[in-house]
>>> print(open('my_file-v6.tsv').read())   # TSV, C-alpha atoms
chain	number	residue	atom	x	y	z
Q	288	MET	CA	23.79	96.01	-58.31
Q	289	ARG	CA	24.43	99.07	-56.13
Q	290	ILE	CA	21.33	100.83	-54.76
Q	291	ASN	CA	21.17	104.62	-54.60
Q	292	ASP	CA	21.77	105.83	-51.03
Q	293	ALA	CA	18.60	107.93	-51.27
Q	294	ILE	CA	16.58	104.70	-51.04
Q	295	ARG	CA	18.24	103.75	-47.75
Q	296	LYS	CA	17.74	107.30	-46.43
Q	297	ALA	CA	14.00	106.98	-47.04
Q	298	VAL	CA	13.84	104.05	-44.58
Q	299	VAL	CA	12.71	104.91	-41.05
Q	300	PHE	CA	12.38	102.45	-38.16
Q	301	LEU	CA	9.22	101.89	-36.13
Q	302	GLY	CA	9.09	100.34	-32.69
Q	303	ILE	CA	8.59	100.93	-29.00
Q	304	VAL	CA	10.64	102.11	-26.03
Q	305	ASP	CA	10.98	99.31	-23.48
Q	306	ASN	CA	11.17	99.43	-19.66
Q	307	LYS	CA	14.92	100.13	-19.89
Q	308	GLU	CA	14.23	103.21	-22.09
Q	309	SER	CA	15.79	101.43	-25.09
Q	310	PHE	CA	14.34	101.50	-28.58
Q	311	VAL	CA	13.05	98.10	-29.71
Q	312	PRO	CA	12.46	97.91	-33.49
Q	313	TYR	CA	9.35	96.20	-34.82
Q	314	GLY	CA	9.68	97.11	-38.49
Q	315	THR	CA	10.32	99.79	-41.05
Q	316	GLY	CA	8.50	102.26	-43.14
Q	317	PHE	CA	9.51	104.81	-45.69
Q	318	VAL	CA	8.98	108.48	-46.34
Q	319	ALA	CA	6.80	108.99	-49.41
Q	320	LEU	CA	6.27	112.19	-51.39
Q	321	TRP	CA	3.19	113.17	-53.38
Q	322	PRO	CA	3.14	116.48	-55.33
Q	323	THR	CA	0.96	119.34	-54.16
Q	324	GLU	CA	-0.78	121.83	-56.41
Q	325	ILE	CA	2.16	124.17	-55.77
Q	326	PRO	CA	4.98	123.49	-58.27
Q	327	GLY	CA	7.89	121.79	-56.50
Q	328	GLY	CA	5.83	121.20	-53.35
Q	329	TYR	CA	5.12	117.81	-51.82
Q	330	HIS	CA	2.82	116.23	-49.27
Q	331	ILE	CA	4.97	114.02	-47.04
Q	332	TYR	CA	3.67	110.67	-45.81
Q	333	PHE	CA	5.00	107.79	-43.78
Q	334	VAL	CA	4.16	104.35	-45.19
Q	335	THR	CA	4.49	101.00	-43.41
Q	336	ALA	CA	2.97	97.54	-43.32
Q	337	HIS	CA	-0.28	97.29	-41.38
Q	338	HIS	CA	0.95	94.13	-39.62
Q	339	VAL	CA	3.83	96.14	-38.07
Q	340	LEU	CA	1.28	98.51	-36.52
Q	341	LYS	CA	-0.82	95.61	-35.23
Q	342	ASP	CA	2.26	94.07	-33.61
Q	343	ILE	CA	3.13	97.36	-31.91
Q	344	LYS	CA	-0.48	97.85	-30.78
Q	345	SER	CA	-0.42	94.44	-29.09
Q	346	SER	CA	2.59	95.64	-27.02
Q	347	LYS	CA	0.31	98.30	-25.45
Q	348	ARG	CA	3.13	100.86	-25.78
Q	349	ASP	CA	3.40	104.11	-27.71
Q	350	LEU	CA	4.33	103.87	-31.38
Q	351	ILE	CA	7.83	105.34	-31.78
Q	352	VAL	CA	9.65	106.41	-34.94
Q	353	ARG	CA	13.45	106.38	-35.02
Q	354	ILE	CA	14.99	108.69	-37.62
Q	355	ASP	CA	18.52	109.90	-38.29
Q	356	GLY	CA	19.35	113.45	-37.27
Q	357	ARG	CA	21.68	115.79	-39.12
Q	358	ASP	CA	23.72	116.00	-35.89
Q	359	GLY	CA	24.95	112.42	-36.44
Q	360	ASN	CA	22.59	110.77	-33.94
Q	361	THR	CA	19.18	109.19	-34.15
Q	362	ALA	CA	16.10	110.80	-32.69
Q	363	LEU	CA	13.04	109.08	-31.26
Q	364	GLY	CA	9.58	110.55	-31.52
Q	365	ARG	CA	6.04	109.51	-30.84
Q	366	ILE	CA	3.97	109.14	-33.96
Q	367	ALA	CA	0.20	108.88	-34.37
Q	368	ALA	CA	-1.54	106.02	-32.60
Q	369	VAL	CA	-2.13	102.87	-34.62
Q	370	ASP	CA	-5.86	103.57	-34.99
Q	371	GLU	CA	-5.17	106.95	-36.65
Q	372	TRP	CA	-3.34	105.48	-39.68
Q	373	ILE	CA	-5.08	105.28	-43.06
Q	374	LEU	CA	-5.57	101.76	-44.39
Q	375	HIS	CA	-6.51	100.58	-47.88
Q	376	ALA	CA	-9.98	101.95	-48.63
Q	377	THR	CA	-11.50	98.85	-50.22
Q	378	ASN	CA	-9.29	95.84	-49.45
Q	379	PRO	CA	-8.82	94.94	-45.78
Q	380	LEU	CA	-6.26	92.28	-46.79
Q	381	CYS	CA	-3.91	94.91	-48.24
Q	382	ASP	CA	-1.01	95.13	-45.78
Q	383	ILE	CA	-0.35	98.88	-45.97
Q	384	ALA	CA	-0.83	101.85	-43.67
Q	385	VAL	CA	-0.15	105.55	-44.34
Q	386	ILE	CA	-0.14	108.73	-42.29
Q	387	PRO	CA	0.87	112.34	-42.99
Q	388	PHE	CA	4.43	112.88	-41.72
Q	389	VAL	CA	6.12	116.06	-40.53
Q	390	ALA	CA	9.87	116.16	-40.04
Q	391	SER	CA	12.21	119.05	-40.71
Q	392	PRO	CA	14.78	118.29	-43.44
Q	393	GLU	CA	17.06	120.82	-41.71
Q	394	THR	CA	16.99	118.73	-38.50
Q	395	PHE	CA	16.58	115.19	-39.82
Q	396	ASP	CA	18.66	113.32	-42.39
Q	397	PHE	CA	16.12	111.58	-44.61
Q	398	LYS	CA	15.00	111.43	-48.22
Q	399	GLY	CA	11.53	110.88	-49.57
Q	400	VAL	CA	10.48	108.61	-52.41
Q	401	ASP	CA	8.54	110.52	-55.07
Q	402	LEU	CA	5.66	108.13	-55.77
Q	403	THR	CA	4.90	109.72	-59.14
Q	404	LYS	CA	8.36	108.66	-60.36
Q	405	ASN	CA	9.14	105.54	-58.33
Q	406	ALA	CA	5.95	103.55	-57.84
Q	407	VAL	CA	5.26	100.60	-60.11
Q	408	SER	CA	1.93	100.66	-61.94
Q	409	ALA	CA	0.36	98.32	-64.48
Q	410	GLU	CA	1.42	100.78	-67.19
Q	411	PHE	CA	5.03	100.77	-65.92
Q	412	ILE	CA	5.09	96.96	-65.87
Q	413	GLU	CA	3.84	96.85	-69.45
Q	414	GLU	CA	6.13	99.63	-70.72
Q	415	TYR	CA	9.27	98.05	-69.25
Q	416	ASP	CA	8.15	94.46	-69.89
Q	417	MET	CA	8.61	93.46	-66.25
Q	418	GLY	CA	8.10	89.85	-65.30
Q	419	PRO	CA	9.49	86.67	-63.76
Q	420	GLY	CA	13.27	86.71	-63.47
Q	421	ASP	CA	13.63	90.50	-63.30
Q	422	ALA	CA	15.73	91.78	-60.40
Q	423	VAL	CA	14.09	93.56	-57.46
Q	424	PHE	CA	15.34	94.94	-54.14
Q	425	THR	CA	13.94	96.00	-50.83
Q	426	ALA	CA	15.45	98.19	-48.11
Q	427	GLY	CA	14.69	97.37	-44.52
Q	428	LEU	CA	15.86	96.40	-41.07
Q	429	LEU	CA	18.17	93.84	-39.53
Q	430	THR	CA	16.56	93.64	-36.07
Q	431	ARG	CA	19.64	92.25	-34.32
Q	432	HIS	CA	21.79	95.18	-35.48
Q	433	PHE	CA	19.86	98.29	-36.44
Q	434	GLY	CA	22.54	100.79	-35.45
Q	435	ILE	CA	23.55	102.55	-32.28
Q	436	SER	CA	24.01	106.20	-33.19
Q	437	ARG	CA	22.55	105.96	-36.75
Q	438	ASN	CA	19.88	103.81	-38.36
Q	439	ILE	CA	21.54	101.10	-40.41
Q	440	SER	CA	19.10	100.03	-43.07
Q	441	ILE	CA	19.89	96.97	-45.14
Q	442	VAL	CA	19.23	96.16	-48.77
Q	443	ARG	CA	18.13	92.75	-49.97
Q	444	ASN	CA	17.79	91.71	-53.56
Q	445	GLY	CA	16.01	88.95	-55.39
Q	446	ASN	CA	14.00	88.19	-58.48
Q	447	ILE	CA	10.35	88.35	-59.40
Q	448	ALA	CA	9.20	84.73	-59.09
Q	449	ALA	CA	5.74	85.07	-60.64
Q	450	MET	CA	3.32	87.65	-61.98
Q	451	PRO	CA	-0.15	86.41	-61.05
Q	452	ASP	CA	-2.89	87.31	-63.50
Q	453	GLU	CA	-5.60	85.96	-61.26
Q	454	SER	CA	-6.47	86.28	-57.58
Q	455	VAL	CA	-4.29	84.40	-55.11
Q	456	ASP	CA	-5.79	82.01	-52.55
Q	457	LEU	CA	-4.65	83.11	-49.09
Q	458	GLY	CA	-6.35	80.24	-47.26
Q	459	ASP	CA	-8.43	81.50	-44.34
Q	460	LEU	CA	-8.05	85.07	-45.61
Q	461	GLY	CA	-9.77	84.28	-48.90
Q	462	GLN	CA	-8.92	85.32	-52.45
Q	463	HIS	CA	-6.66	88.34	-52.91
Q	464	GLU	CA	-6.08	90.40	-56.05
Q	465	VAL	CA	-2.41	91.14	-56.72
>>> encode(input="my_file-v6.tsv", output="structure tokens")
Amino acid sequence: MRINDAIRKAVVFLGIVDNKESFVPYGTGFVALWPTEIPGGYHIYFVTAHHVLKDIKSSKRDLIVRIDGRDGNTALGRIAAVDEWILHATNPLCDIAVIPFVASPETFDFKGVDLTKNAVSAEFIEEYDMGPGDAVFTAGLLTRHFGISRNISIVRNGNIAAMPDESVDLGDLGQHEV
């Protein structure tokens, strides 16, 4: 199944700049859109996994975002410190972090994912009868080859293996609602 290129263009790389002034990727995030009160307007956010931020924080280096530019090259920029990101309000085990994101679409070549149309909710799962065996995909990063002049995001596919209807035992981390 071919994935719309807009999904890959929503992927942005996070990492550090090493002692040789080279970008070292630690993970990915994506640009998310949420509508404003103004018709056609959106709040823009950057979303990543909290564990990626923790890994970068342990490096004791600045958090760097690498994004494609419209000039055909990537650009590096400092982004808010790890402690400034917004985490899940009630579940510390939820591996997500979000921050408002500002990047000019005239300068940078990215797309945003409209969360009102592309996020999966319990209602969506029920309406489309989603369950074990259904195909899924994820866009991300191949750390050994992430691109030289452009970000090269990869797409992986698989299938839903299970749909837990009870909390999941995460060992030392305790029970987790899915």
>>> closest_residue(input="my_file-v6.tsv", among="Q:Asp355, Q:Asp349, Q:Glu308, Q:Glu324", to="Ser436 in chain Q", atoms="only C-alpha atoms")
Q:Asp355
>>> closest_residue(input="my_file-v6.tsv", among="Q:Ala406, Q:Ala297, Q:Ile412, Q:Ile331", to="Ile386 in chain Q", atoms="only C-alpha atoms")
Q:Ile331
>>> atom_distance(input="my_file-v6.tsv", atom1="CA of Val385 in chain Q", atom2="CA of Leu350 in chain Q")
13.8 Å
>>> closest_residue(input="my_file-v6.tsv", among="Q:Pro392, Q:Lys344, Q:Phe317, Q:Gly302", to="Ala426 in chain Q", atoms="only C-alpha atoms")
Q:Phe317
>>> residues_near_point(input="my_file-v6.tsv", point="(20.5, 98.2, -37.3)", cutoff="12 Å", atoms="all atoms listed in the file", output="JSON, numbers by chain")
{"Q": [298, 299, 300, 301, 310, 311, 312, 313, 314, 315, 353, 354, 355, 361, 426, 427, 428, 429, 430, 431, 432, 433, 434, 435, 436, 437, 438, 439, 440, 441, 442]}
>>> residues_near_point(input="my_file-v6.tsv", point="(-3.7, 105.9, -43.4)", cutoff="10 Å", atoms="all atoms listed in the file", output="PDB file with C-alpha atoms, in the coordinates of the input")
ATOM      1  CA  TYR Q 332       3.670 110.670 -45.810  1.00  0.00           C
ATOM      2  CA  PHE Q 333       5.000 107.790 -43.780  1.00  0.00           C
ATOM      3  CA  VAL Q 334       4.160 104.350 -45.190  1.00  0.00           C
ATOM      4  CA  THR Q 335       4.490 101.000 -43.410  1.00  0.00           C
ATOM      5  CA  HIS Q 337      -0.280  97.290 -41.380  1.00  0.00           C
ATOM      6  CA  VAL Q 369      -2.130 102.870 -34.620  1.00  0.00           C
ATOM      7  CA  ASP Q 370      -5.860 103.570 -34.990  1.00  0.00           C
ATOM      8  CA  GLU Q 371      -5.170 106.950 -36.650  1.00  0.00           C
ATOM      9  CA  TRP Q 372      -3.340 105.480 -39.680  1.00  0.00           C
ATOM     10  CA  ILE Q 373      -5.080 105.280 -43.060  1.00  0.00           C
ATOM     11  CA  LEU Q 374      -5.570 101.760 -44.390  1.00  0.00           C
ATOM     12  CA  HIS Q 375      -6.510 100.580 -47.880  1.00  0.00           C
ATOM     13  CA  ALA Q 376      -9.980 101.950 -48.630  1.00  0.00           C
ATOM     14  CA  ILE Q 383      -0.350  98.880 -45.970  1.00  0.00           C
ATOM     15  CA  ALA Q 384      -0.830 101.850 -43.670  1.00  0.00           C
ATOM     16  CA  VAL Q 385      -0.150 105.550 -44.340  1.00  0.00           C
ATOM     17  CA  ILE Q 386      -0.140 108.730 -42.290  1.00  0.00           C
ATOM     18  CA  PRO Q 387       0.870 112.340 -42.990  1.00  0.00           C
TER      19      PRO Q 387
END
>>> residues_around(input="my_file-v6.tsv", residues="Glu393 in chain Q", least_positions_apart="4", cutoff="10 Å", atoms="only C-alpha atoms", output="number ranges by chain")
Q: 356-357, 397
>>> residues_around(input="my_file-v6.tsv", residues="Lys296 in chain Q", least_positions_apart="3", cutoff="8 Å", atoms="only C-alpha atoms", output="ChimeraX atom specification")
/Q:292-293,299,396-399
>>> atom_distance(input="my_file-v6.tsv", atom1="CA of Ile351 in chain Q", atom2="CA of Val407 in chain Q")
28.8 Å
>>> residues_around(input="my_file-v6.tsv", residues="Asn446 in chain Q", least_positions_apart="5", cutoff="10 Å", atoms="only C-alpha atoms", output="compact mmCIF listing (two decimals) with C-alpha atoms, in the frame of the given file")
# COMPACT_ATOMS: atom_id res chain seq x y z
CA GLY Q 418 8.10 89.85 -65.30
CA PRO Q 419 9.49 86.67 -63.76
CA GLY Q 420 13.27 86.71 -63.47
CA ASP Q 421 13.63 90.50 -63.30
CA ALA Q 422 15.73 91.78 -60.40
CA VAL Q 423 14.09 93.56 -57.46
CA PHE Q 424 15.34 94.94 -54.14
>>> closest_residue(input="my_file-v6.tsv", among="Q:Ala336, Q:Gly445, Q:Leu320, Q:Tyr329", to="Leu380 in chain Q", atoms="only C-alpha atoms")
Q:Ala336
>>> closest_residue(input="my_file-v6.tsv", among="Q:Ser454, Q:Trp321, Q:Pro326, Q:Val339", to="Lys404 in chain Q", atoms="all atoms listed in the file")
Q:Trp321
>>> decode(input="my_file-v6.tsv", residues="range 406-428 of chain Q", atoms="N, CA and C atoms", output="short mmCIF file (atom, residue, chain, number, x, y, z; two decimals), in the first residue's frame")
data_model
loop_
_atom_site.label_atom_id
_atom_site.label_comp_id
_atom_site.auth_asym_id
_atom_site.auth_seq_id
_atom_site.Cartn_x
_atom_site.Cartn_y
_atom_site.Cartn_z
N ALA Q 406 -6.58 11.55 13.51
CA ALA Q 406 -6.29 10.85 14.77
C ALA Q 406 -7.35 9.78 14.99
N VAL Q 407 -6.93 8.68 15.54
CA VAL Q 407 -7.84 7.56 15.78
C VAL Q 407 -8.43 7.69 17.18
N SER Q 408 -9.74 7.67 17.25
CA SER Q 408 -10.46 7.74 18.53
C SER Q 408 -11.25 6.45 18.72
N ALA Q 409 -11.81 6.27 19.90
CA ALA Q 409 -12.66 5.10 20.16
C ALA Q 409 -13.84 5.07 19.19
N GLU Q 410 -14.38 6.25 18.87
CA GLU Q 410 -15.50 6.32 17.93
C GLU Q 410 -15.07 5.89 16.53
N PHE Q 411 -13.89 6.32 16.11
CA PHE Q 411 -13.35 5.95 14.80
C PHE Q 411 -13.15 4.44 14.72
N ILE Q 412 -12.57 3.88 15.77
CA ILE Q 412 -12.33 2.43 15.81
C ILE Q 412 -13.64 1.67 15.67
N GLU Q 413 -14.66 2.14 16.38
CA GLU Q 413 -15.96 1.47 16.31
C GLU Q 413 -16.60 1.65 14.93
N GLU Q 414 -16.58 2.90 14.42
CA GLU Q 414 -17.22 3.18 13.13
C GLU Q 414 -16.61 2.36 12.00
N TYR Q 415 -15.29 2.22 12.00
CA TYR Q 415 -14.61 1.51 10.91
C TYR Q 415 -14.26 0.07 11.27
N ASP Q 416 -14.79 -0.39 12.40
CA ASP Q 416 -14.61 -1.78 12.83
C ASP Q 416 -13.14 -2.20 12.77
N MET Q 417 -12.28 -1.39 13.39
CA MET Q 417 -10.85 -1.67 13.40
C MET Q 417 -10.53 -2.73 14.45
N GLY Q 418 -9.58 -3.60 14.12
CA GLY Q 418 -9.20 -4.62 15.07
C GLY Q 418 -8.02 -5.44 14.59
N PRO Q 419 -7.73 -6.53 15.30
CA PRO Q 419 -6.60 -7.37 14.96
C PRO Q 419 -6.61 -7.80 13.48
N GLY Q 420 -5.44 -7.68 12.86
CA GLY Q 420 -5.30 -8.04 11.45
C GLY Q 420 -5.35 -6.85 10.52
N ASP Q 421 -5.95 -5.73 10.96
CA ASP Q 421 -6.00 -4.55 10.09
C ASP Q 421 -4.60 -3.98 9.88
N ALA Q 422 -4.36 -3.46 8.69
CA ALA Q 422 -3.06 -2.89 8.33
C ALA Q 422 -2.86 -1.53 9.00
N VAL Q 423 -1.62 -1.27 9.41
CA VAL Q 423 -1.22 0.02 9.97
C VAL Q 423 0.14 0.37 9.39
N PHE Q 424 0.53 1.65 9.49
CA PHE Q 424 1.86 2.07 9.06
C PHE Q 424 2.37 3.13 10.01
N THR Q 425 3.66 3.31 9.99
CA THR Q 425 4.29 4.37 10.75
C THR Q 425 5.42 4.96 9.91
N ALA Q 426 5.58 6.26 9.97
CA ALA Q 426 6.67 6.93 9.26
C ALA Q 426 7.72 7.31 10.30
N GLY Q 427 8.98 7.16 9.94
CA GLY Q 427 10.02 7.45 10.92
C GLY Q 427 11.39 7.62 10.32
N LEU Q 428 12.38 7.06 11.01
CA LEU Q 428 13.78 7.38 10.77
C LEU Q 428 14.60 6.10 10.68
#
